[in-house]
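**Student:** Pasting data.cif below, which is mmCIF, C-alpha atoms and all ligand atoms.
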data_upload
#
loop_
_atom_site.group_PDB
_atom_site.id
_atom_site.type_symbol
_atom_site.label_atom_id
_atom_site.label_comp_id
_atom_site.auth_asym_id
_atom_site.auth_seq_id
_atom_site.Cartn_x
_atom_site.Cartn_y
_atom_site.Cartn_z
ATOM 1 C CA MET C 225 94.364 14.003 76.760
ATOM 2 C CA SER C 226 94.426 10.399 75.695
ATOM 3 C CA LYS C 227 90.824 10.061 76.826
ATOM 4 C CA MET C 228 89.901 12.985 74.626
ATOM 5 C CA LYS C 229 91.638 11.380 71.713
ATOM 6 C CA ILE C 230 89.899 8.101 72.370
ATOM 7 C CA ALA C 231 86.533 9.819 72.674
ATOM 8 C CA ALA C 232 87.163 11.791 69.493
ATOM 9 C CA ALA C 233 88.171 8.636 67.691
ATOM 10 C CA LEU C 234 85.046 6.899 68.962
ATOM 11 C CA LEU C 235 82.901 9.815 67.852
ATOM 12 C CA GLY C 236 84.554 9.847 64.461
ATOM 13 C CA GLY C 237 84.028 6.164 64.088
ATOM 14 C CA LEU C 238 80.423 6.471 65.171
ATOM 15 C CA LEU C 239 79.780 9.320 62.740
ATOM 16 C CA SER C 240 81.287 7.425 59.866
ATOM 17 C CA SER C 241 79.324 4.334 60.822
ATOM 18 C CA VAL C 242 76.080 6.316 61.008
ATOM 19 C CA CYS C 243 76.670 8.374 57.888
ATOM 20 C CA GLY C 244 78.702 6.033 55.742
ATOM 21 C CA GLY C 245 78.212 2.716 57.437
ATOM 22 C CA GLY C 246 76.371 0.150 55.451
ATOM 23 C CA ALA C 247 76.984 2.323 52.395
ATOM 24 C CA GLN C 248 77.289 -0.681 50.213
ATOM 25 C CA ALA C 249 76.854 -0.393 46.516
ATOM 26 C CA VAL C 250 73.763 -1.978 45.043
ATOM 27 C CA GLN C 251 74.377 -4.084 41.984
ATOM 28 C CA ILE C 252 71.745 -5.563 39.735
ATOM 29 C CA THR C 253 73.106 -7.834 37.043
ATOM 30 C CA TYR C 254 71.698 -9.845 34.141
ATOM 31 C CA ALA C 255 71.966 -12.906 36.409
ATOM 32 C CA ASP C 256 69.265 -11.470 38.712
ATOM 33 C CA PHE C 257 66.689 -11.767 35.944
ATOM 34 C CA GLY C 258 64.390 -14.743 35.541
ATOM 35 C CA GLY C 259 61.488 -15.079 33.153
ATOM 36 C CA GLY C 260 58.400 -12.926 33.033
ATOM 37 C CA SER C 261 58.241 -9.234 32.335
ATOM 38 C CA SER C 262 58.549 -7.658 35.782
ATOM 39 C CA PHE C 263 60.016 -8.179 39.227
ATOM 40 C CA SER C 264 61.273 -6.180 42.167
ATOM 41 C CA SER C 265 64.793 -6.468 43.514
ATOM 42 C CA LYS C 266 67.093 -4.412 45.719
ATOM 43 C CA GLY C 267 64.726 -1.445 45.836
ATOM 44 C CA PHE C 268 64.002 -1.366 42.104
ATOM 45 C CA ASP C 269 60.863 -2.203 40.169
ATOM 46 C CA ILE C 270 62.124 -3.712 36.928
ATOM 47 C CA THR C 271 59.866 -4.016 33.903
ATOM 48 C CA ALA C 272 60.201 -5.246 30.337
ATOM 49 C CA THR C 273 58.229 -3.636 27.536
ATOM 50 C CA GLY C 274 57.406 -5.597 24.396
ATOM 51 C CA GLY C 275 57.988 -9.099 25.725
ATOM 52 C CA ASP C 276 59.631 -11.053 28.514
ATOM 53 C CA PHE C 277 63.153 -10.903 29.891
ATOM 54 C CA GLN C 278 65.473 -13.106 27.874
ATOM 55 C CA GLN C 279 69.061 -14.045 28.653
ATOM 56 C CA LYS C 280 71.866 -14.010 26.106
ATOM 57 C CA GLY C 281 75.356 -15.359 26.545
ATOM 58 C CA ASN C 282 77.982 -16.470 26.665
ATOM 59 C CA PHE C 283 78.303 -14.561 23.397
ATOM 60 C CA GLY C 284 81.750 -13.240 22.536
ATOM 61 C CA GLY C 285 82.618 -13.639 26.196
ATOM 62 C CA SER C 286 79.782 -11.420 27.430
ATOM 63 C CA PHE C 287 76.376 -11.915 28.995
ATOM 64 C CA GLY C 288 73.257 -9.825 29.095
ATOM 65 C CA VAL C 289 69.513 -9.783 29.348
ATOM 66 C CA GLY C 290 67.235 -8.396 26.693
ATOM 67 C CA VAL C 291 63.618 -8.817 25.728
ATOM 68 C CA GLY C 292 62.080 -11.631 23.733
ATOM 69 C CA SER C 293 58.643 -12.445 22.373
ATOM 70 C CA VAL C 294 57.183 -14.712 19.736
ATOM 71 C CA ASN C 295 55.750 -11.984 17.540
ATOM 72 C CA ASN C 296 57.520 -8.709 18.283
ATOM 73 C CA SER C 297 61.182 -9.391 18.983
ATOM 74 C CA VAL C 298 63.666 -9.051 16.156
ATOM 75 C CA VAL C 299 66.814 -10.057 18.031
ATOM 76 C CA SER C 300 66.644 -12.676 20.776
ATOM 77 C CA GLY C 301 68.192 -11.717 24.083
ATOM 78 C CA GLU C 302 68.664 -8.098 23.061
ATOM 79 C CA ILE C 303 66.594 -4.964 23.484
ATOM 80 C CA ASP C 304 65.502 -4.122 19.952
ATOM 81 C CA ALA C 305 63.022 -1.901 18.178
ATOM 82 C CA GLY C 306 60.526 -4.701 17.682
ATOM 83 C CA LYS C 307 58.537 -5.437 14.561
ATOM 84 C CA SER C 308 56.224 -2.923 13.007
ATOM 85 C CA VAL C 309 52.497 -3.568 12.944
ATOM 86 C CA ALA C 310 52.800 -4.302 9.225
ATOM 87 C CA GLU C 311 55.366 -6.971 10.058
ATOM 88 C CA GLY C 312 53.028 -8.534 12.596
ATOM 89 C CA GLY C 313 54.594 -6.880 15.615
ATOM 90 C CA THR C 314 53.259 -4.332 18.058
ATOM 91 C CA GLY C 315 55.183 -1.393 16.653
ATOM 92 C CA VAL C 316 56.393 -0.678 20.167
ATOM 93 C CA PRO C 317 60.119 -0.834 20.857
ATOM 94 C CA GLU C 318 61.388 -3.190 23.507
ATOM 95 C CA SER C 319 62.895 -1.739 26.666
ATOM 96 C CA ILE C 320 63.891 -2.586 30.223
ATOM 97 C CA SER C 321 62.996 -0.044 32.899
ATOM 98 C CA PHE C 322 64.360 0.316 36.438
ATOM 99 C CA GLN C 323 62.429 2.597 38.797
ATOM 100 C CA THR C 324 63.206 3.314 42.441
ATOM 101 C CA SER C 325 61.833 5.445 45.232
ATOM 102 C CA ILE C 326 64.916 4.907 47.413
ATOM 103 C CA PRO C 327 67.380 7.796 47.156
ATOM 104 C CA GLN C 328 70.574 6.552 45.564
ATOM 105 C CA PHE C 329 73.320 7.653 43.250
ATOM 106 C CA LEU C 330 73.843 6.141 39.835
ATOM 107 C CA GLU C 331 77.440 4.938 39.787
ATOM 108 C CA SER C 332 77.632 3.037 36.512
ATOM 109 C CA PHE C 333 75.843 0.814 34.067
ATOM 110 C CA THR C 334 77.092 -1.822 31.677
ATOM 111 C CA VAL C 335 75.598 -2.945 28.388
ATOM 112 C CA ALA C 336 76.573 -5.792 26.062
ATOM 113 C CA PHE C 337 76.292 -6.631 22.363
ATOM 114 C CA LEU C 338 76.575 -3.001 21.240
ATOM 115 C CA TYR C 339 78.810 -3.349 18.192
ATOM 116 C CA PRO C 340 80.377 -1.154 15.541
ATOM 117 C CA LYS C 341 79.425 -1.200 11.908
ATOM 118 C CA GLY C 342 80.542 -4.337 10.106
ATOM 119 C CA GLN C 343 80.072 -6.761 12.960
ATOM 120 C CA PHE C 344 77.162 -9.214 13.014
ATOM 121 C CA SER C 345 75.568 -7.835 9.865
ATOM 122 C CA ASP C 346 75.071 -4.384 11.327
ATOM 123 C CA ASP C 347 75.572 -1.682 8.724
ATOM 124 C CA VAL C 348 75.655 1.178 11.216
ATOM 125 C CA ASN C 349 77.446 1.687 14.492
ATOM 126 C CA GLU C 350 74.964 0.520 17.096
ATOM 127 C CA THR C 351 73.449 3.052 19.467
ATOM 128 C CA ALA C 352 71.668 2.581 22.766
ATOM 129 C CA ARG C 353 69.152 5.027 24.202
ATOM 130 C CA ILE C 354 69.565 5.396 27.945
ATOM 131 C CA ILE C 355 66.710 7.353 29.514
ATOM 132 C CA ILE C 356 67.715 8.573 32.972
ATOM 133 C CA ASN C 357 65.137 10.440 35.081
ATOM 134 C CA ASN C 358 63.116 10.932 31.865
ATOM 135 C CA ILE C 359 66.032 12.545 30.028
ATOM 136 C CA THR C 360 67.219 10.652 26.959
ATOM 137 C CA TYR C 361 70.931 10.090 26.459
ATOM 138 C CA THR C 362 72.614 7.952 23.834
ATOM 139 C CA LEU C 363 75.606 5.667 23.902
ATOM 140 C CA SER C 364 76.986 5.316 20.386
ATOM 141 C CA VAL C 365 79.794 3.062 19.262
ATOM 142 C CA ASP C 366 82.381 5.032 17.311
ATOM 143 C CA ASP C 367 83.847 3.962 13.965
ATOM 144 C CA GLY C 368 86.091 0.971 14.449
ATOM 145 C CA GLY C 369 84.575 0.009 17.781
ATOM 146 C CA GLY C 370 87.471 1.003 19.999
ATOM 147 C CA THR C 371 85.545 3.759 21.705
ATOM 148 C CA ALA C 372 81.944 4.814 22.269
ATOM 149 C CA THR C 373 80.469 8.237 22.938
ATOM 150 C CA PHE C 374 77.902 9.211 25.548
ATOM 151 C CA SER C 375 75.726 12.099 24.427
ATOM 152 C CA ASP C 376 76.649 14.150 27.509
ATOM 153 C CA PRO C 377 80.349 13.296 27.666
ATOM 154 C CA GLY C 378 81.016 15.583 30.616
ATOM 155 C CA LEU C 379 78.967 13.309 32.860
ATOM 156 C CA VAL C 380 80.801 10.056 32.376
ATOM 157 C CA ASN C 381 83.745 7.927 31.432
ATOM 158 C CA VAL C 382 83.046 5.179 28.908
ATOM 159 C CA PHE C 383 85.081 1.988 29.061
ATOM 160 C CA LEU C 384 85.264 -0.817 26.531
ATOM 161 C CA ASP C 385 85.137 -3.946 28.700
ATOM 162 C CA ASN C 386 85.124 -6.548 25.954
ATOM 163 C CA ALA C 387 85.166 -5.777 22.251
ATOM 164 C CA ASN C 388 84.073 -9.280 21.234
ATOM 165 C CA GLY C 389 81.022 -8.978 23.455
ATOM 166 C CA GLY C 390 80.259 -5.374 22.539
ATOM 167 C CA GLN C 391 80.417 -4.704 26.277
ATOM 168 C CA TRP C 392 80.727 -1.158 27.605
ATOM 169 C CA THR C 393 80.644 0.369 31.054
ATOM 170 C CA VAL C 394 79.487 3.960 31.508
ATOM 171 C CA SER C 395 80.745 5.338 34.816
ATOM 172 C CA PHE C 396 79.347 8.589 36.253
ATOM 173 C CA LEU C 397 81.910 11.139 37.380
ATOM 174 C CA ASN C 398 79.766 12.950 39.970
ATOM 175 C CA PRO C 399 76.900 11.908 42.243
ATOM 176 C CA PHE C 400 73.864 11.485 40.030
ATOM 177 C CA LEU C 401 70.615 11.042 41.947
ATOM 178 C CA LEU C 402 68.659 8.283 40.260
ATOM 179 C CA GLN C 403 64.916 7.853 40.074
ATOM 180 C CA GLY C 404 64.667 5.760 36.974
ATOM 181 C CA ILE C 405 66.727 4.400 34.121
ATOM 182 C CA VAL C 406 65.398 2.822 30.943
ATOM 183 C CA PHE C 407 67.436 0.863 28.425
ATOM 184 C CA ALA C 408 65.928 1.275 24.966
ATOM 185 C CA PRO C 409 67.049 0.697 21.382
ATOM 186 C CA GLY C 410 68.807 3.551 19.668
ATOM 187 C CA ASN C 411 69.672 4.475 16.100
ATOM 188 C CA GLY C 412 66.836 6.901 15.766
ATOM 189 C CA GLY C 413 64.376 5.071 17.923
ATOM 190 C CA PRO C 414 61.619 2.739 16.952
ATOM 191 C CA ASN C 415 62.219 2.654 13.215
ATOM 192 C CA SER C 416 65.496 0.798 13.208
ATOM 193 C CA VAL C 417 66.434 -2.657 14.404
ATOM 194 C CA LEU C 418 70.093 -1.735 14.484
ATOM 195 C CA GLY C 419 70.301 -0.198 17.928
ATOM 196 C CA ASP C 420 69.967 -3.502 19.721
ATOM 197 C CA PHE C 421 71.938 -4.443 22.823
ATOM 198 C CA ALA C 422 71.473 -6.095 26.214
ATOM 199 C CA PHE C 423 71.570 -4.994 29.819
ATOM 200 C CA ASN C 424 74.505 -6.355 31.791
ATOM 201 C CA GLN C 425 74.741 -4.476 35.084
ATOM 202 C CA LEU C 426 73.607 -1.439 37.085
ATOM 203 C CA THR C 427 75.511 -0.138 40.119
ATOM 204 C CA THR C 428 74.255 2.486 42.563
ATOM 205 C CA SER C 429 75.412 3.784 45.931
ATOM 206 C CA PRO C 430 73.241 4.949 48.831
ATOM 207 C CA VAL C 431 72.712 8.628 49.530
ATOM 208 C CA PRO C 432 74.114 9.323 53.010
ATOM 209 C CA GLY C 433 71.028 9.864 55.101
ATOM 210 C CA PRO C 434 70.396 12.023 58.176
ATOM 211 C CA ILE C 435 71.425 10.556 61.503
ATOM 212 C CA VAL C 436 68.369 8.591 62.422
ATOM 213 C CA GLY C 437 67.177 5.634 64.420
ATOM 214 C CA ALA C 438 69.572 3.612 66.511
ATOM 215 C CA GLY C 439 72.461 5.852 65.621
ATOM 216 C CA LEU C 440 71.081 8.915 67.363
ATOM 217 C CA PRO C 441 71.215 7.756 71.021
ATOM 218 C CA GLY C 442 74.736 6.486 70.469
ATOM 219 C CA LEU C 443 75.773 9.775 68.934
ATOM 220 C CA MET C 444 74.262 11.752 71.840
ATOM 221 C CA MET C 445 76.096 9.525 74.312
ATOM 222 C CA ALA C 446 79.365 10.080 72.482
ATOM 223 C CA LEU C 447 78.818 13.839 72.389
ATOM 224 C CA GLY C 448 77.890 13.785 76.095
ATOM 225 C CA GLY C 449 81.066 11.878 76.853
ATOM 226 C CA LEU C 450 83.134 14.496 75.066
ATOM 227 C CA VAL C 451 81.507 17.281 77.085
ATOM 228 C CA VAL C 452 82.149 15.434 80.348
ATOM 229 C CA LEU C 453 85.766 14.831 79.397
ATOM 230 C CA ALA C 454 86.221 18.455 78.428
ATOM 231 C CA ARG C 455 84.780 19.601 81.774
ATOM 232 C CA ARG C 456 87.086 17.204 83.616
ATOM 233 C CA ARG C 457 90.062 18.521 81.703
ATOM 234 C CA ARG C 458 89.167 22.110 82.578
ATOM 235 C CA HIS C 459 88.622 21.090 86.186
ATOM 236 C CA HIS C 460 92.021 19.366 86.390
ATOM 237 C CA ALA C 461 93.707 22.252 84.670
ATOM 238 C CA GLY C 462 92.210 24.613 87.269
ATOM 239 C CA VAL C 463 93.605 22.576 90.148
HETATM 240 CA CA CA O 1 64.557 -8.670 21.402
HETATM 241 CA CA CA O 2 72.201 -5.243 15.641
HETATM 242 CA CA CA O 3 73.538 -5.491 19.004
#
Starting from the file, give its structure as C-alpha cells.
Ligand SMILES: [Ca+2]
Ligand SMILES: [Ca+2]
Ligand SMILES: [Ca+2]
**Tutor:**
Amino acid sequence: MSKMKIAAALLGGLLSSVCGGGAQAVQITYADFGGGSSFSSKGFDITATGGDFQQKGNFGGSFGVGVGSVNNSVVSGEIDAGKSVAEGGTGVPESISFQTSIPQFLESFTVAFLYPKGQFSDDVNETARIIINNITYTLSVDDGGGTATFSDPGLVNVFLDNANGGQWTVSFLNPFLLQGIVFAPGNGGPNSVLGDFAFNQLTTSPVPGPIVGAGLPGLMMALGGLVVLARRRRHHAGV
C-alpha cells in the first residue's frame, strides 16, 4: 500500500516535472534593449521600425524603451507616429515588434508614459495600438488618468502601476497563444503624435508540451513500476 502511494507520488511528481517543470515565465524588459534596431532574445525576434531603440527613464518613476532617430522621431524614448514626409520625416510610424515561433502564452505586457489629457502638453488622452497576432487592439487612458480601457475588455485586466510614469500593465485572463505583438502609436494611427508611449515589459509562459525526450523513458519506468506493484499486490492478496 505504502509502496503504491510512493510510486503514485513519484509518478505524479514526474508528470508535473515533465509537463509543468521548467515552466518558467519569460520576461523581456526595457533593460534588455541596447542600441540598434533589432536583436533576438529569449525566443523573440525584436525589431524597431522608424529608428533605433532608445531608452527613457527614470521619468516620473518609470522606465521604458521607445524608438529614436535624427529625422523621424517626434518624442525621444517613446514610440510615436514619426514626422510626415512634409516635415522631413519618413511618414512611417515608429513601432517595436516582437515575433516568436516558440509556442507560448501571452501573460501580460506593461507600457509607460501613456498619460491622460492635460499631462505633458497632451491635449487628448493618449492611446496605444497593440497589434497581437495581426489583430489591432487599443489601450486608451480614460479621462482623469485613473483607469485605462483595452478595446476588448473581456480579455484582460488593466492595472495602473504608476500614474506619474503613465505606466500600465495589461494582464490576460485566459491563455492567449502568442505569435507576435507590436507596440505602435495610437490616437488614430499615423496622423497624430499624441499616442506616444514606451515599452516596459512583456511576460509569457510556456505552452505545456507533449511528453518528449528525456522525460519519456522515466515516465515509462514509473508506469512499469506501478504495474509491477499492482501485480505484487494482487499476488499477495491471493495468498
Ligand atoms: Ca520616438
Ligand atoms: Ca504625448
Ligand atoms: Ca506619451
**Student:** Could you tell me how far CA of Glu331 (chain C) sits from CA of Thr362 (chain C), in Å to one decimal place?
**Tutor:**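 Computed distance, CA of Thr362 (chain C) to CA of Glu331 (chain C), equals 16.9 Å.
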**Student:** Could you tell me which of C:Phe322, C:Phe263, C:Phe283, C:Tyr361 comes closest to Ala336 (chain C) if we count only C-alpha atoms?
**Tutor:**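 Looking at the shortest contact to Ala336 (chain C), the residue is C:Phe283.
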**Student:** Hey, which residues come within 6 Å of ligand CA 2 (chain O) if we count all atoms listed in the file? Could you give them as a PyMOL selection string?
**Tutor:** chain C and resi 346+418-420
**Student:** Take the selection from the previous step and output its residues with C-alpha atoms, as a tab-separated table (two decimals), in the frame of the given file.
**Tutor:**
chain	number	residue	atom	x	y	z
C	346	ASP	CA	75.07	-4.38	11.33
C	418	LEU	CA	70.09	-1.74	14.48
C	419	GLY	CA	70.30	-0.20	17.93
C	420	ASP	CA	69.97	-3.50	19.72
**Student:** Using only C-alpha atoms and all ligand atoms, which residues of the polymer chains come no farther than 10 Å from ligand CA 3 (chain O)? I'd like the answer as an mmCIF file with C-alpha atoms, keeping the file's coordinate frame.
**Tutor:**
data_model
loop_
_atom_site.group_PDB
_atom_site.id
_atom_site.type_symbol
_atom_site.label_atom_id
_atom_site.label_comp_id
_atom_site.auth_asym_id
_atom_site.auth_seq_id
_atom_site.Cartn_x
_atom_site.Cartn_y
_atom_site.Cartn_z
ATOM 1 C CA VAL C 299 66.814 -10.057 18.031
ATOM 2 C CA GLY C 301 68.192 -11.717 24.083
ATOM 3 C CA GLU C 302 68.664 -8.098 23.061
ATOM 4 C CA ILE C 303 66.594 -4.964 23.484
ATOM 5 C CA ASP C 304 65.502 -4.122 19.952
ATOM 6 C CA VAL C 335 75.598 -2.945 28.388
ATOM 7 C CA ALA C 336 76.573 -5.792 26.062
ATOM 8 C CA PHE C 337 76.292 -6.631 22.363
ATOM 9 C CA LEU C 338 76.575 -3.001 21.240
ATOM 10 C CA TYR C 339 78.810 -3.349 18.192
ATOM 11 C CA PRO C 340 80.377 -1.154 15.541
ATOM 12 C CA GLN C 343 80.072 -6.761 12.960
ATOM 13 C CA PHE C 344 77.162 -9.214 13.014
ATOM 14 C CA SER C 345 75.568 -7.835 9.865
ATOM 15 C CA ASP C 346 75.071 -4.384 11.327
ATOM 16 C CA ASN C 349 77.446 1.687 14.492
ATOM 17 C CA GLU C 350 74.964 0.520 17.096
ATOM 18 C CA THR C 351 73.449 3.052 19.467
ATOM 19 C CA ALA C 352 71.668 2.581 22.766
ATOM 20 C CA GLY C 389 81.022 -8.978 23.455
ATOM 21 C CA GLY C 390 80.259 -5.374 22.539
ATOM 22 C CA PRO C 409 67.049 0.697 21.382
ATOM 23 C CA VAL C 417 66.434 -2.657 14.404
ATOM 24 C CA LEU C 418 70.093 -1.735 14.484
ATOM 25 C CA GLY C 419 70.301 -0.198 17.928
ATOM 26 C CA ASP C 420 69.967 -3.502 19.721
ATOM 27 C CA PHE C 421 71.938 -4.443 22.823
ATOM 28 C CA ALA C 422 71.473 -6.095 26.214
#
**Student:** One number please: CA of Ser429 (chain C) to CA of Asn381 (chain C), in Å, one decimal.
**Tutor:** 17.2 Å
**Student:** Using all atoms listed in the file, find each protein or nucleic acid residue lying at most 12 Å from ligand CA 1 (chain O); present the set as a short mmCIF file (atom, residue, chain, number, x, y, z; two decimals) with C-alpha atoms, in the frame of the given file.
**Tutor:**
data_model
loop_
_atom_site.label_atom_id
_atom_site.label_comp_id
_atom_site.auth_asym_id
_atom_site.auth_seq_id
_atom_site.Cartn_x
_atom_site.Cartn_y
_atom_site.Cartn_z
CA ALA C 272 60.20 -5.25 30.34
CA THR C 273 58.23 -3.64 27.54
CA GLY C 274 57.41 -5.60 24.40
CA GLY C 275 57.99 -9.10 25.72
CA ASP C 276 59.63 -11.05 28.51
CA PHE C 277 63.15 -10.90 29.89
CA GLN C 278 65.47 -13.11 27.87
CA GLN C 279 69.06 -14.04 28.65
CA LYS C 280 71.87 -14.01 26.11
CA GLY C 288 73.26 -9.82 29.10
CA VAL C 289 69.51 -9.78 29.35
CA GLY C 290 67.24 -8.40 26.69
CA VAL C 291 63.62 -8.82 25.73
CA GLY C 292 62.08 -11.63 23.73
CA SER C 293 58.64 -12.44 22.37
CA VAL C 294 57.18 -14.71 19.74
CA ASN C 295 55.75 -11.98 17.54
CA ASN C 296 57.52 -8.71 18.28
CA SER C 297 61.18 -9.39 18.98
CA VAL C 298 63.67 -9.05 16.16
CA VAL C 299 66.81 -10.06 18.03
CA SER C 300 66.64 -12.68 20.78
CA GLY C 301 68.19 -11.72 24.08
CA GLU C 302 68.66 -8.10 23.06
CA ILE C 303 66.59 -4.96 23.48
CA ASP C 304 65.50 -4.12 19.95
CA ALA C 305 63.02 -1.90 18.18
CA GLY C 306 60.53 -4.70 17.68
CA LYS C 307 58.54 -5.44 14.56
CA GLY C 313 54.59 -6.88 15.62
CA VAL C 316 56.39 -0.68 20.17
CA PRO C 317 60.12 -0.83 20.86
CA GLU C 318 61.39 -3.19 23.51
CA SER C 319 62.90 -1.74 26.67
CA ILE C 320 63.89 -2.59 30.22
CA PHE C 337 76.29 -6.63 22.36
CA ALA C 408 65.93 1.27 24.97
CA PRO C 409 67.05 0.70 21.38
CA VAL C 417 66.43 -2.66 14.40
CA LEU C 418 70.09 -1.74 14.48
CA GLY C 419 70.30 -0.20 17.93
CA ASP C 420 69.97 -3.50 19.72
CA PHE C 421 71.94 -4.44 22.82
CA ALA C 422 71.47 -6.10 26.21
CA PHE C 423 71.57 -4.99 29.82
#
**Student:** So what do you get for CA of Asn386 (chain C) versus CA of Asp366 (chain C), distance-wise?
**Tutor:** 14.7 Å
**Student:** Which residues are close to Gln251 (chain C), i.e. within 12 Å by only C-alpha atoms, leaving aside same-chain residues fewer than 3 positions away? Reply as a list in words.
**Tutor:**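 Skipping anything fewer than 3 positions along the chain leaves Gln248, Tyr254, Ala255, Asp256, Ser265, Lys266, Gly267, Phe268, Gln328, Phe329, Leu330, Glu331, Ser332, Phe333, Thr334, Asn424, Gln425, Leu426, Thr427, Thr428, Ser429 and Pro430 of chain C.
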**Student:** Could you list, as a list of chain:residue names, every residue matched by the PyMOL selection byres (((chain C and resi 380) around 7) and not hetatm) in this structure?
**Tutor:**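 When the PyMOL selection byres (((chain C and resi 380) around 7) and not hetatm) is applied to the shown file, the picked residues are C:Pro377, C:Gly378, C:Leu379, C:Asn381, C:Val382, C:Val394, C:Ser395, C:Phe396, C:Leu397.
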**Student:** How big is the axis-aligned box around all listed atoms of region 339-346 of chain C once 8 Å goes on each side, and where's its centre, in Å to one decimal, as lines of an AutoDock Vina configuration file?
**Tutor:**
center_x = 77.8
center_y = -5.2
center_z = 14.0
size_x = 21.5
size_y = 24.1
size_z = 24.3
**Student:** Looking at only C-alpha atoms, which of C:Val348, C:Ala372, C:Ala249, C:Ala310 is the one that sits closest to Asn411 (chain C)?
**Tutor:**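 Looking only at the distances to Asn411 (chain C), the closest residue turns out to be C:Val348.
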**Student:** Quick one: which residues end up in the PyMOL selection byres (((chain C and resi 327) around 8) and not hetatm) for this structure, as number ranges by chain?
**Tutor:** C: 324-326, 328-329, 401-403, 430-431
**Student:** Report as a list in words all protein, DNA and RNA residues lying within 7 Å of Ile355 (chain C), evaluated on only C-alpha atoms, omitting residues in the same chain fewer than 6 positions from it.
**Tutor:**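 Near Ile355 (chain C), the qualifying residues are Tyr361, Ile405, Val406 and Phe407 of chain C.
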**Student:** Since the input is missing atoms for region 418-434 of chain C, could you rebuild it with N, CA and C atoms and give the result as a CSV table (one decimal), in the coordinates of the input?
**Tutor:**
chain,number,residue,atom,x,y,z
C,418,LEU,N,68.6,-1.7,14.4
C,418,LEU,CA,70.1,-1.7,14.5
C,418,LEU,C,70.6,-1.3,15.8
C,419,GLY,N,69.8,-0.7,16.6
C,419,GLY,CA,70.3,-0.2,17.9
C,419,GLY,C,70.1,-1.2,19.0
C,420,ASP,N,70.3,-2.5,18.7
C,420,ASP,CA,70.0,-3.5,19.7
C,420,ASP,C,71.2,-3.8,20.6
C,421,PHE,N,70.9,-4.1,21.8
C,421,PHE,CA,71.9,-4.4,22.8
C,421,PHE,C,71.3,-5.1,24.0
C,422,ALA,N,72.0,-5.5,25.0
C,422,ALA,CA,71.5,-6.1,26.2
C,422,ALA,C,72.0,-5.4,27.5
C,423,PHE,N,71.2,-5.5,28.5
C,423,PHE,CA,71.6,-5.0,29.8
C,423,PHE,C,72.5,-6.0,30.5
C,424,ASN,N,73.6,-5.5,31.1
C,424,ASN,CA,74.5,-6.4,31.8
C,424,ASN,C,74.5,-6.1,33.3
C,425,GLN,N,74.6,-4.8,33.7
C,425,GLN,CA,74.7,-4.5,35.1
C,425,GLN,C,74.4,-3.0,35.4
C,426,LEU,N,73.9,-2.8,36.6
C,426,LEU,CA,73.6,-1.4,37.1
C,426,LEU,C,74.2,-1.4,38.5
C,427,THR,N,74.9,-0.3,38.8
C,427,THR,CA,75.5,-0.1,40.1
C,427,THR,C,75.1,1.2,40.7
C,428,THR,N,74.6,1.2,41.9
C,428,THR,CA,74.3,2.5,42.6
C,428,THR,C,74.9,2.5,43.9
C,429,SER,N,74.9,3.7,44.5
C,429,SER,CA,75.4,3.8,45.9
C,429,SER,C,74.4,4.6,46.7
C,430,PRO,N,74.2,4.3,48.0
C,430,PRO,CA,73.2,4.9,48.8
C,430,PRO,C,73.6,6.4,49.0
C,431,VAL,N,72.5,7.2,49.1
C,431,VAL,CA,72.7,8.6,49.5
C,431,VAL,C,72.9,8.7,51.0
C,432,PRO,N,74.0,9.3,51.6
C,432,PRO,CA,74.1,9.3,53.0
C,432,PRO,C,72.9,10.0,53.6
C,433,GLY,N,72.3,9.3,54.5
C,433,GLY,CA,71.0,9.9,55.1
C,433,GLY,C,71.3,10.7,56.3
C,434,PRO,N,70.3,11.3,56.9
C,434,PRO,CA,70.4,12.0,58.2
C,434,PRO,C,70.6,11.0,59.3
